[in-house]
Amino acid sequence: MTHIAKPKFQHPKLPVNGLGLTRRNYEGVVSTLCAGCGHDSISAAIIEACFELEIPAHRIAKISGIGCSSKTTNYFLSRAHGFNSVHGRMPSVATGANLANPDLTYLGVSGDGDTASIGLGQFSHAVRRRLNMVYIVENNGTYGLTKGQFSATNDKISKSRKGVENRFESIDLCSLAIELGAGFVARSFSGDKAQLVPLIKAAMSYRGFAFLDVISPCVTFNNHSNSTKSYDYVREHNEVLDVLDLVPQRSEISTDYQPGTSVEVTLHDGSEIKLHKLSQDYDPSDHGSALLNLYQYKQQNTVATGVLYLDPNESDMHDLLMTCEQPLNTLRDNALCPGSAVLDTLNSQFK
Amino acid sequence: MRIEKTFNDFVVKFGNINGSGSASANYLCAKALFRMGVMVTPKNIFPSNIQGMPTWYEIRASEEGHQARRNGIDVMVAMNPQSYQVDVESVVPGGTLLYDSTMVRNFKRSDIDILGIPISRLCAENWTDTRQRQLFKNVVYLGALARLIDIDNEILEMLIAEKFRNKPKLIDSNIKALDIGREYSREFFPSRLKVRARKTTGTKGKILINGNEAAALGAVFAGATVAAWYPITPSTSVAEAFERHTRHFRSGENGKCRAAVIQAEDELAAVGIAIGANWNGARAFTATSGPGISLMSEFIGLAYFAEIPLVLINIQRGGPSTGMPTRTQQSDLLICAYASHGDTKHVLLFPADPSECFTFAADAFDLADRLQTPVFVMSDLDIGMNDWVIDEFIWDDRRKADRGKVLDAEALEKISDFGRYRDVDGDGIAYRTIPGTHPEKGAYFTRGTSHTETGSYTEDGNIHVRNLDRIAHKHRTAASILPKPIISEISAKSRLGIINFGSTDSAVREALALLSSEGYGLNHMRIRSFPFDRSVEDFARRHEYLFVIEQNRDAQMRHLLVAETGIPATKLISILNYDGMPLTAEFVRTAIFEIFGEQQQVAAACATPITAA
């Protein structure tokens, strides 16, 4: 049995957020992934981020493709509609859903197979359209559900559990996202909840394509000594570029950094992203330097995490398409059907 | 010698080089005849190419109102030396060939009138710009032809004025070109042709429009708000027309539109976008052709199994594979009826003309919402890209979009136990919710994996069977609400009938009229939807033999009839035309006689032959 509902019982004194909801209210059904799977930590981070952001869960739509990562949308936010679509095609479903109603928060969860191989085309075009969504790749470098084949994000230097070499160049989804117009691009590690939760919060607050590449080790197939996506490897090679705080509109700014070491971006909803840079010579709002930076870290076999690129000018697909403010799915006949008088005019044009 | 004149009953064909600007002059000819009240059937026979290849435009005029193509060219306007040979051969004895005699040719046909007009020379003498010299050639031959077959000059000039109302300079030069052609023909060919046009009332209350424009309008009137598509001949103009009309009719003062059109990266994304938008409560569609359906198949299976409304407008073209992109066929029936792996079955609507493209496109949105499943509007290139004379469109302002079983927040409040896939009403159709509706109730997980009544994943075989059976039941429900077949039983005793669907209808009705005038009374059923209504089987039961007329090689409709009804296969005799050209009545008539043998046998099968009038 693979659908396990969690018991409704909860401790009477669980902390509540501004909506009067506990963390339990943001949970989903019991995960059926392997014990220790990085994906479960990301689900927990999503729950924490939504709880802290005080988002009503039903105003989120969870959309995914196929694979271990795509299954996880069932393991958080039971009060939200979910759509587990077909392999590699989550971006198009998310695009359609967003066209129908831009007022929901779209949370897409995908894997490296789902995004970097079968879905690379759809991923690229969703980025190009500046689809307003959070797109999380739970990146483990392997095909888990089909038992351990290499994926396209698997680094060239790594080997499979059985020692088979990966001969092909890996695809860096963050570089691709930056190049194609994503406004918010970050990389994180499923084992670093302190970094991941604020990144998810900021991504959810950002208006535009917000991309999170989260290295999420596959404990069963890709957590061995020859892997560059193992817990040990990522811990050893993780270079944290910056520390992010999302300051909600109504809060006081509490942290102060040395002048020149932080970047502050006020978002469309008035909240503020405060980015504390750990590497001085790096400007995350500059396209070119972000790409160069990523390239250099890759050459050094270093996993650079944190916010890699942040475009302070938010814009999304609806701006580009010039659709009306009112969600299309709320428009009724009188706003949509031109009516018989117009049809009579049209008839006369075809005479 | 006395020339026997024929009015409003002829075929004029234009042989051109594509990319030479001939299309608008040829259309003008058809439109002028239409304005004169003459029933016209223009067919654009064009290559899959932008410039330099042969292209043809045929116009049939029919006093009796027939709307099918017919063979036998009465007047050939041959403007393309590449195709001279076939063009000259296609003219009926006694017919006329009009050609550009700047370079004189000997066509070796003494049985036709050959009228040479030095069109290139005339244009070279009158215009200096090379582009104009080329473009006005088309208007010069139009002027000559118009005089020769008596097309009303005032109407032609009025049409030119309408076409170029924003570019007045072009009005004068076009009229000048018309005059050049007209004057030349007056001087050198003073007598008109024996086939002529004359004003009549055959197109009163009618419009001249192509099916893709009509389907797009149907989508606009039905309240579609999202269109996602990928360019493909011959469906491209559906999406383009939808975009044009929504910009025009649905833009606010700030220029923002109450619709979104996305040219997707491929057909997979196009249908995925349409599915995502429908899932989220907007009315969305895609328009495509056969190769696009192949690519969309995986997603179509998802929409079927997850029960998401979806409208697909399929403008069929010649297959298989890339096939003949600019020719017509009805060869996507099987792939659309059963698109995607596993047990799937889809709703198909078969419009016969642009009129039904409009109504069926609009109805498709209601049907998709009511049935929560993909609905295909099975148009084709002939309907979609050719102009047809149809009745004016009608819209009932009292009509409201039927969104089917959707629970809003208020309805959810009253329900204690929501199950997305629970058959509450016994019709196989469950209730759905739109994301974001209610803080605590109505959320569910949409998936292509096997699911329970509440949408949870299951590998329980019994639950899977129950769910598949419910969806099958839903499709039986569908059969009862789809457009019924149009049945015409002129002879209760006739043992013979014709079954057809879609764009072949005008040819079939003309064939029936022809056969009837010869004394053979055959009954007729035009199928308009799949799954089939009971009346389809009932009609078959009343007849011994049924000719099933289709534009594909493998008798796909016959397959569906045999597989999906109790009609014995031996009753169904195929008449198949799959050369990519629209069907003719003569093809149908000849095939019936060939298949059935001696004419007496046909007469006997018709039981009580109708006395020829």
# chains A, B, ... in the order shown; residues from 1 in each chain; ligands from 1
>>> interface_residues(of="chain A", to="chain B", cutoff="6 Å", atoms="only C-alpha atoms", output="ChimeraX atom specification")
/A:3,58-59,79-84,92-93,95-97,100,322-324,329,336-337,339-340,347,350-351
>>> select_by_dssp(residues="stretch 112-295 of chain A", states="strand (DSSP E)", output="PyMOL selection string")
chain A and resi 133-139+142-143+149-150+184-189+209-215+238-240+242-247+262-266+272-277
>>> closest_residue(among="B:Met557, B:Ala362, B:Leu381, B:Leu148", to="B:Gly290", atoms="only C-alpha atoms")
B:Leu381
>>> select_by_dssp(residues="stretch 12-250 of chain A", states="helix (DSSP H, G or I)", output="number ranges by chain")
A: 23-26, 38-53, 57-59, 68-74, 90-100, 112-116, 120-128, 173-180, 193-205, 231-237
>>> residues_around(residues="stretch 137-154 of chain A", least_positions_apart="3", cutoff="8 Å", atoms="only C-alpha atoms", output="PyMOL selection string")
chain A and resi 39+42+67-69+109-113+115-117+158+160+166+168-173+211-218+220-222+228-229
>>> closest_residue(among="B:Arg247, B:Arg432, B:Arg317, B:Arg476", to="B:Phe418", atoms="only C-alpha atoms")
B:Arg432
>>> atom_distance(atom1="atom CA of B:Tyr99", atom2="atom CA of B:Thr326")
25.7 Å
>>> residues_around(residues="A:Lys298", least_positions_apart="4", cutoff="12 Å", atoms="only C-alpha atoms", output="MDAnalysis selection string")
chainID A and resid 155:157 169:172 174:175 228 237:239 291:294 302:305
>>> residues_around(residues="stretch 121-126 of chain B", least_positions_apart="5", cutoff="12 Å", atoms="only C-alpha atoms", output="list in words")
Asp100, Ser101, Thr102, Met103, Val104, Gly116, Arg131, Gln132, Arg133, Gln134, Leu135, Phe136, Lys137, Asn138, Val139, Val140, Tyr141, Ser173, Asn174, Lys176, Ala177, Leu178, Asp179, Ile180, Gly181, Arg182, Glu183 and Tyr184 of chain B
>>> residues_around(residues="A:Gln122", least_positions_apart="2", cutoff="7 Å", atoms="only C-alpha atoms", output="compact mmCIF listing (two decimals) with N, CA and C atoms, in the first residue's frame")
# COMPACT_ATOMS: atom_id res chain seq x y z
N ARG A 89 6.91 17.05 -18.50
CA ARG A 89 5.95 18.01 -19.06
C ARG A 89 5.32 18.91 -17.99
N PRO A 91 6.33 21.75 -16.88
CA PRO A 91 6.31 23.18 -17.19
C PRO A 91 5.10 23.60 -18.03
N SER A 92 4.68 22.76 -18.97
CA SER A 92 3.55 23.17 -19.80
C SER A 92 2.26 23.16 -19.00
N GLY A 119 12.59 16.59 -20.15
CA GLY A 119 11.85 17.84 -20.05
C GLY A 119 12.67 19.09 -20.33
N LEU A 120 13.86 18.93 -20.91
CA LEU A 120 14.74 20.09 -21.06
C LEU A 120 14.10 21.17 -21.94
N SER A 124 13.20 24.91 -20.59
CA SER A 124 13.79 26.09 -21.21
C SER A 124 12.73 27.11 -21.60
N HIS A 125 11.64 26.62 -22.17
CA HIS A 125 10.62 27.56 -22.66
C HIS A 125 9.78 28.17 -21.53
N ALA A 126 9.62 27.43 -20.45
CA ALA A 126 8.93 28.02 -19.30
C ALA A 126 9.79 29.17 -18.73
N ALA B 269 3.88 20.53 -25.62
CA ALA B 269 3.67 21.65 -24.71
C ALA B 269 2.32 22.31 -24.97
>>> closest_residue(among="A:Arg167, A:Arg23, A:Arg235, A:His224", to="A:Ser190", atoms="only C-alpha atoms")
A:Arg235
>>> atom_distance(atom1="atom CA of B:Leu496", atom2="atom CA of B:Arg526")
14.3 Å
>>> closest_residue(among="B:Ile573, B:Asp87, B:Leu482, B:Ser529", to="B:Ile499", atoms="only C-alpha atoms")
B:Ile573
>>> closest_residue(among="B:Asp408, B:Arg466, B:Tyr545, B:Asn80", to="B:Phe596", atoms="only C-alpha atoms")
B:Tyr545
>>> decode(residues="stretch 115-135 of chain B", atoms="N, CA and C atoms", output="PDB file, in the first residue's frame")
ATOM      1  N   LEU B 115      -7.267  31.261 -75.974  1.00  0.00           N
ATOM      2  CA  LEU B 115      -7.229  32.716 -76.016  1.00  0.00           C
ATOM      3  C   LEU B 115      -5.911  33.189 -75.409  1.00  0.00           C
ATOM      4  N   GLY B 116      -5.067  33.707 -76.267  1.00  0.00           N
ATOM      5  CA  GLY B 116      -3.789  34.208 -75.767  1.00  0.00           C
ATOM      6  C   GLY B 116      -3.859  35.699 -75.495  1.00  0.00           C
ATOM      7  N   ILE B 117      -3.463  36.079 -74.319  1.00  0.00           N
ATOM      8  CA  ILE B 117      -3.391  37.507 -73.964  1.00  0.00           C
ATOM      9  C   ILE B 117      -1.950  37.775 -73.531  1.00  0.00           C
ATOM     10  N   PRO B 118      -1.295  38.731 -74.154  1.00  0.00           N
ATOM     11  CA  PRO B 118       0.114  38.977 -73.785  1.00  0.00           C
ATOM     12  C   PRO B 118       0.209  39.718 -72.454  1.00  0.00           C
ATOM     13  N   ILE B 119      -0.116  38.993 -71.409  1.00  0.00           N
ATOM     14  CA  ILE B 119      -0.279  39.627 -70.091  1.00  0.00           C
ATOM     15  C   ILE B 119       1.031  40.250 -69.600  1.00  0.00           C
ATOM     16  N   SER B 120       2.130  39.501 -69.702  1.00  0.00           N
ATOM     17  CA  SER B 120       3.411  40.037 -69.219  1.00  0.00           C
ATOM     18  C   SER B 120       3.775  41.299 -69.987  1.00  0.00           C
ATOM     19  N   ARG B 121       3.547  41.272 -71.314  1.00  0.00           N
ATOM     20  CA  ARG B 121       3.890  42.443 -72.126  1.00  0.00           C
ATOM     21  C   ARG B 121       3.031  43.642 -71.728  1.00  0.00           C
ATOM     22  N   LEU B 122       1.730  43.390 -71.532  1.00  0.00           N
ATOM     23  CA  LEU B 122       0.838  44.486 -71.142  1.00  0.00           C
ATOM     24  C   LEU B 122       1.287  45.103 -69.811  1.00  0.00           C
ATOM     25  N   CYS B 123       1.677  44.252 -68.894  1.00  0.00           N
ATOM     26  CA  CYS B 123       2.108  44.761 -67.584  1.00  0.00           C
ATOM     27  C   CYS B 123       3.431  45.511 -67.709  1.00  0.00           C
ATOM     28  N   ALA B 124       4.323  44.990 -68.553  1.00  0.00           N
ATOM     29  CA  ALA B 124       5.610  45.655 -68.742  1.00  0.00           C
ATOM     30  C   ALA B 124       5.421  47.038 -69.358  1.00  0.00           C
ATOM     31  N   GLU B 125       4.406  47.146 -70.227  1.00  0.00           N
ATOM     32  CA  GLU B 125       4.139  48.439 -70.873  1.00  0.00           C
ATOM     33  C   GLU B 125       3.511  49.453 -69.905  1.00  0.00           C
ATOM     34  N   ASN B 126       2.805  48.945 -68.897  1.00  0.00           N
ATOM     35  CA  ASN B 126       2.055  49.835 -68.024  1.00  0.00           C
ATOM     36  C   ASN B 126       2.677  50.119 -66.660  1.00  0.00           C
ATOM     37  N   TRP B 127       3.591  49.226 -66.251  1.00  0.00           N
ATOM     38  CA  TRP B 127       4.224  49.460 -64.946  1.00  0.00           C
ATOM     39  C   TRP B 127       5.743  49.344 -65.067  1.00  0.00           C
ATOM     40  N   THR B 128       6.445  50.065 -64.220  1.00  0.00           N
ATOM     41  CA  THR B 128       7.902  50.014 -64.285  1.00  0.00           C
ATOM     42  C   THR B 128       8.483  49.148 -63.173  1.00  0.00           C
ATOM     43  N   ASP B 129       7.788  49.134 -62.036  1.00  0.00           N
ATOM     44  CA  ASP B 129       8.271  48.376 -60.887  1.00  0.00           C
ATOM     45  C   ASP B 129       8.104  46.865 -61.137  1.00  0.00           C
ATOM     46  N   THR B 130       9.152  46.102 -60.888  1.00  0.00           N
ATOM     47  CA  THR B 130       9.086  44.661 -61.216  1.00  0.00           C
ATOM     48  C   THR B 130       8.037  43.934 -60.387  1.00  0.00           C
ATOM     49  N   ARG B 131       7.927  44.320 -59.136  1.00  0.00           N
ATOM     50  CA  ARG B 131       6.952  43.657 -58.260  1.00  0.00           C
ATOM     51  C   ARG B 131       5.531  43.940 -58.760  1.00  0.00           C
ATOM     52  N   GLN B 132       5.308  45.193 -59.143  1.00  0.00           N
ATOM     53  CA  GLN B 132       3.973  45.556 -59.654  1.00  0.00           C
ATOM     54  C   GLN B 132       3.690  44.838 -60.968  1.00  0.00           C
ATOM     55  N   ARG B 133       4.695  44.779 -61.816  1.00  0.00           N
ATOM     56  CA  ARG B 133       4.516  44.078 -63.095  1.00  0.00           C
ATOM     57  C   ARG B 133       4.055  42.643 -62.846  1.00  0.00           C
ATOM     58  N   GLN B 134       4.624  42.031 -61.832  1.00  0.00           N
ATOM     59  CA  GLN B 134       4.252  40.655 -61.495  1.00  0.00           C
ATOM     60  C   GLN B 134       2.844  40.598 -60.913  1.00  0.00           C
ATOM     61  N   LEU B 135       2.597  41.428 -59.885  1.00  0.00           N
ATOM     62  CA  LEU B 135       1.313  41.351 -59.175  1.00  0.00           C
ATOM     63  C   LEU B 135       0.124  41.665 -60.080  1.00  0.00           C
TER      64      LEU B 135
END
